[in-house]
Amino acid sequence: MKNTASFTKEEAVQYAQTSVSTGQDEGVFEKSGAVYAYLISVDDEDNHFIVIMDCTREFAALHSLWRYSCVLGLACIIAYAVLIAVLSKWIIQPFEANMENQKRFITNAGHELKTPIAIISANAEAIELINGKSQWTDSILKQVRRQTELINALVTMSRIEEYGRDESRKSEIDLTETVGAVAESFKTVAKEQGKTVRADIEEHVKLVTDRHAFHELTNILVDNAVKYCDDKGTIDVSLRRGRLGKGAVVAVTNTYADGANVDYSRFFERFYRGDTSHNSQKAGYGIGLSMAEELTKLMGGKINVSYKAQRITFTVRLG
């Protein structure tokens, strides 16, 4: 029991017995705020020799190193995050500028294309007045209408993000009035095609959202339903309050006998059409449903499509 300045003889014996009882040949322990390490060796006669060393300074240095490492690591992470934020903004700027240029190009090109298309339409109508209707003028006017719809759709898509970003556009609107007006506007068109539009709309359903975006969304869904509804089929437009009376649910259903083997997961892809033959009798470019999905997301809602009993249903949940 030599060189035990920090221990009395009794304490040294007690710590030695405790150390041996642990069954470990080496370890550390604390006493009076100091840290000690011990090493036990056994000779051939089963005598135990215990060496105890004061390691307080060494452990203090390790703790200090650990603290400084944590602080330095945290500082590096913060600096890295700030650097990434600054650089990412700088890197993304060209892409943002490119996107803005694309939108501007689509908008400007759309307006420029409308003029020659309007002239073509006017000339075709003038020919009809002079020489009477023919399959040629009818085909010209039909293609003019299709091109006009495409241009309008592309221009709308280029501006669609503005609906979600501009909070000043949002206000409490009467969804009942909007859905009812859209359904009513398509009844005549559907009737001319031998189809029927039916509306089941709950009264006084209101929601804070973008009026133009919601009208455009409803118009796209009903137009799509009328366009792809089977001959002599029905289109059902419904509006209900959401669960617990919050939000709203808009559902548009139409008869679609050939929809059993359709890949509905691709319906919202841009320029995708379920009619792979691209029959010109069903005018469209596969943009409408993609626009519907974008508008729904910007309004904070969800849209999905389902098929059951030869009827396809698009359901939008808002709020």
# chains A, B, ... in the order shown; residues from 1 in each chain; ligands from 1
$ select_by_dssp --residues "segment 68-307 of chain A" --states "strand (DSSP E or B)" --output "JSON, numbers by chain"
{"A": [170, 171, 172, 173, 174, 196, 197, 198, 199, 200, 201, 206, 207, 208, 209, 210, 234, 235, 236, 237, 238, 239, 240, 241, 248, 249, 250, 251, 252, 253, 254, 255, 302, 303, 304, 305, 306, 307]}
$ select_by_dssp --residues "segment 137-269 of chain A" --states "alpha helix (DSSP H)" --output "VMD selection string"
chain A and resid 137 to 165 175 to 192 211 to 228
$ atom_distance --atom1 "atom CA of Asp210 of chain A" --atom2 "atom CA of Asn224 of chain A"
21.3 Å
$ atom_distance --atom1 "atom CA of Phe214 of chain A" --atom2 "atom CA of Phe186 of chain A"
16.5 Å
$ residues_around --residues "Asn304 of chain A" --least-positions-apart "5" --cutoff "7 Å" --atoms "only C-alpha atoms" --output "PyMOL selection string"
chain A and resi 314-316
$ write_last_selection --atoms "all heavy atoms" --output "CSV table (one decimal), in the first residue's frame"
chain,number,residue,atom,x,y,z
A,314,PHE,N,-63.5,10.9,-61.5
A,314,PHE,CA,-62.4,11.7,-61.0
A,314,PHE,C,-62.9,12.5,-59.8
A,314,PHE,O,-64.0,13.1,-59.8
A,314,PHE,CB,-62.1,12.8,-62.1
A,314,PHE,CG,-61.4,12.1,-63.3
A,314,PHE,CD1,-62.1,11.7,-64.3
A,314,PHE,CD2,-60.0,12.0,-63.2
A,314,PHE,CE1,-61.4,11.1,-65.4
A,314,PHE,CE2,-59.3,11.4,-64.3
A,314,PHE,CZ,-60.0,11.0,-65.4
A,315,THR,N,-62.2,12.3,-58.7
A,315,THR,CA,-62.6,12.9,-57.4
A,315,THR,C,-61.5,13.9,-56.9
A,315,THR,O,-60.4,13.5,-56.8
A,315,THR,CB,-62.8,11.8,-56.3
A,315,THR,OG1,-63.7,10.8,-56.8
A,315,THR,CG2,-63.3,12.4,-55.0
A,316,VAL,N,-62.0,15.1,-56.5
A,316,VAL,CA,-61.1,16.1,-56.0
A,316,VAL,C,-61.5,16.4,-54.6
A,316,VAL,O,-62.7,16.7,-54.3
A,316,VAL,CB,-61.2,17.4,-56.9
A,316,VAL,CG1,-60.4,18.5,-56.2
A,316,VAL,CG2,-60.7,17.1,-58.3
$ residues_around --residues "Glu184 of chain A" --least-positions-apart "5" --cutoff "12 Å" --atoms "only C-alpha atoms" --output "ChimeraX atom specification"
/A:177-179,189-191,196-201,218-219,222-223,235-237
$ closest_residue --among "A:Val305, A:Ile220, A:Arg311, A:Val182" --to "Thr253 of chain A" --atoms "only C-alpha atoms"
A:Arg311
$ residues_around --residues "segment 116-129 of chain A" --least-positions-apart "3" --cutoff "9 Å" --atoms "only C-alpha atoms" --output "PDB file with C-alpha atoms, in the first residue's frame"
ATOM      1  CA  GLU A 112     -48.685  35.534 -81.797  1.00  0.00           C
ATOM      2  CA  LEU A 113     -50.241  32.285 -83.050  1.00  0.00           C
ATOM      3  CA  GLY A 132     -71.335  27.167 -99.136  1.00  0.00           C
ATOM      4  CA  LYS A 133     -70.128  24.610 -96.582  1.00  0.00           C
ATOM      5  CA  SER A 134     -67.903  21.751 -97.696  1.00  0.00           C
ATOM      6  CA  TRP A 136     -62.749  21.111 -96.651  1.00  0.00           C
ATOM      7  CA  THR A 137     -63.960  24.235 -94.854  1.00  0.00           C
ATOM      8  CA  ASP A 138     -65.459  22.105 -92.102  1.00  0.00           C
ATOM      9  CA  ILE A 140     -60.260  23.684 -91.575  1.00  0.00           C
ATOM     10  CA  LEU A 141     -62.553  25.145 -88.919  1.00  0.00           C
ATOM     11  CA  VAL A 144     -58.589  25.792 -86.069  1.00  0.00           C
ATOM     12  CA  ARG A 145     -60.701  25.123 -82.986  1.00  0.00           C
ATOM     13  CA  GLN A 147     -55.287  24.547 -82.303  1.00  0.00           C
ATOM     14  CA  THR A 148     -56.983  27.361 -80.398  1.00  0.00           C
TER      15      THR A 148
END
$ atom_distance --atom1 "atom CA of Glu269 of chain A" --atom2 "atom CA of Ile287 of chain A"
8.0 Å
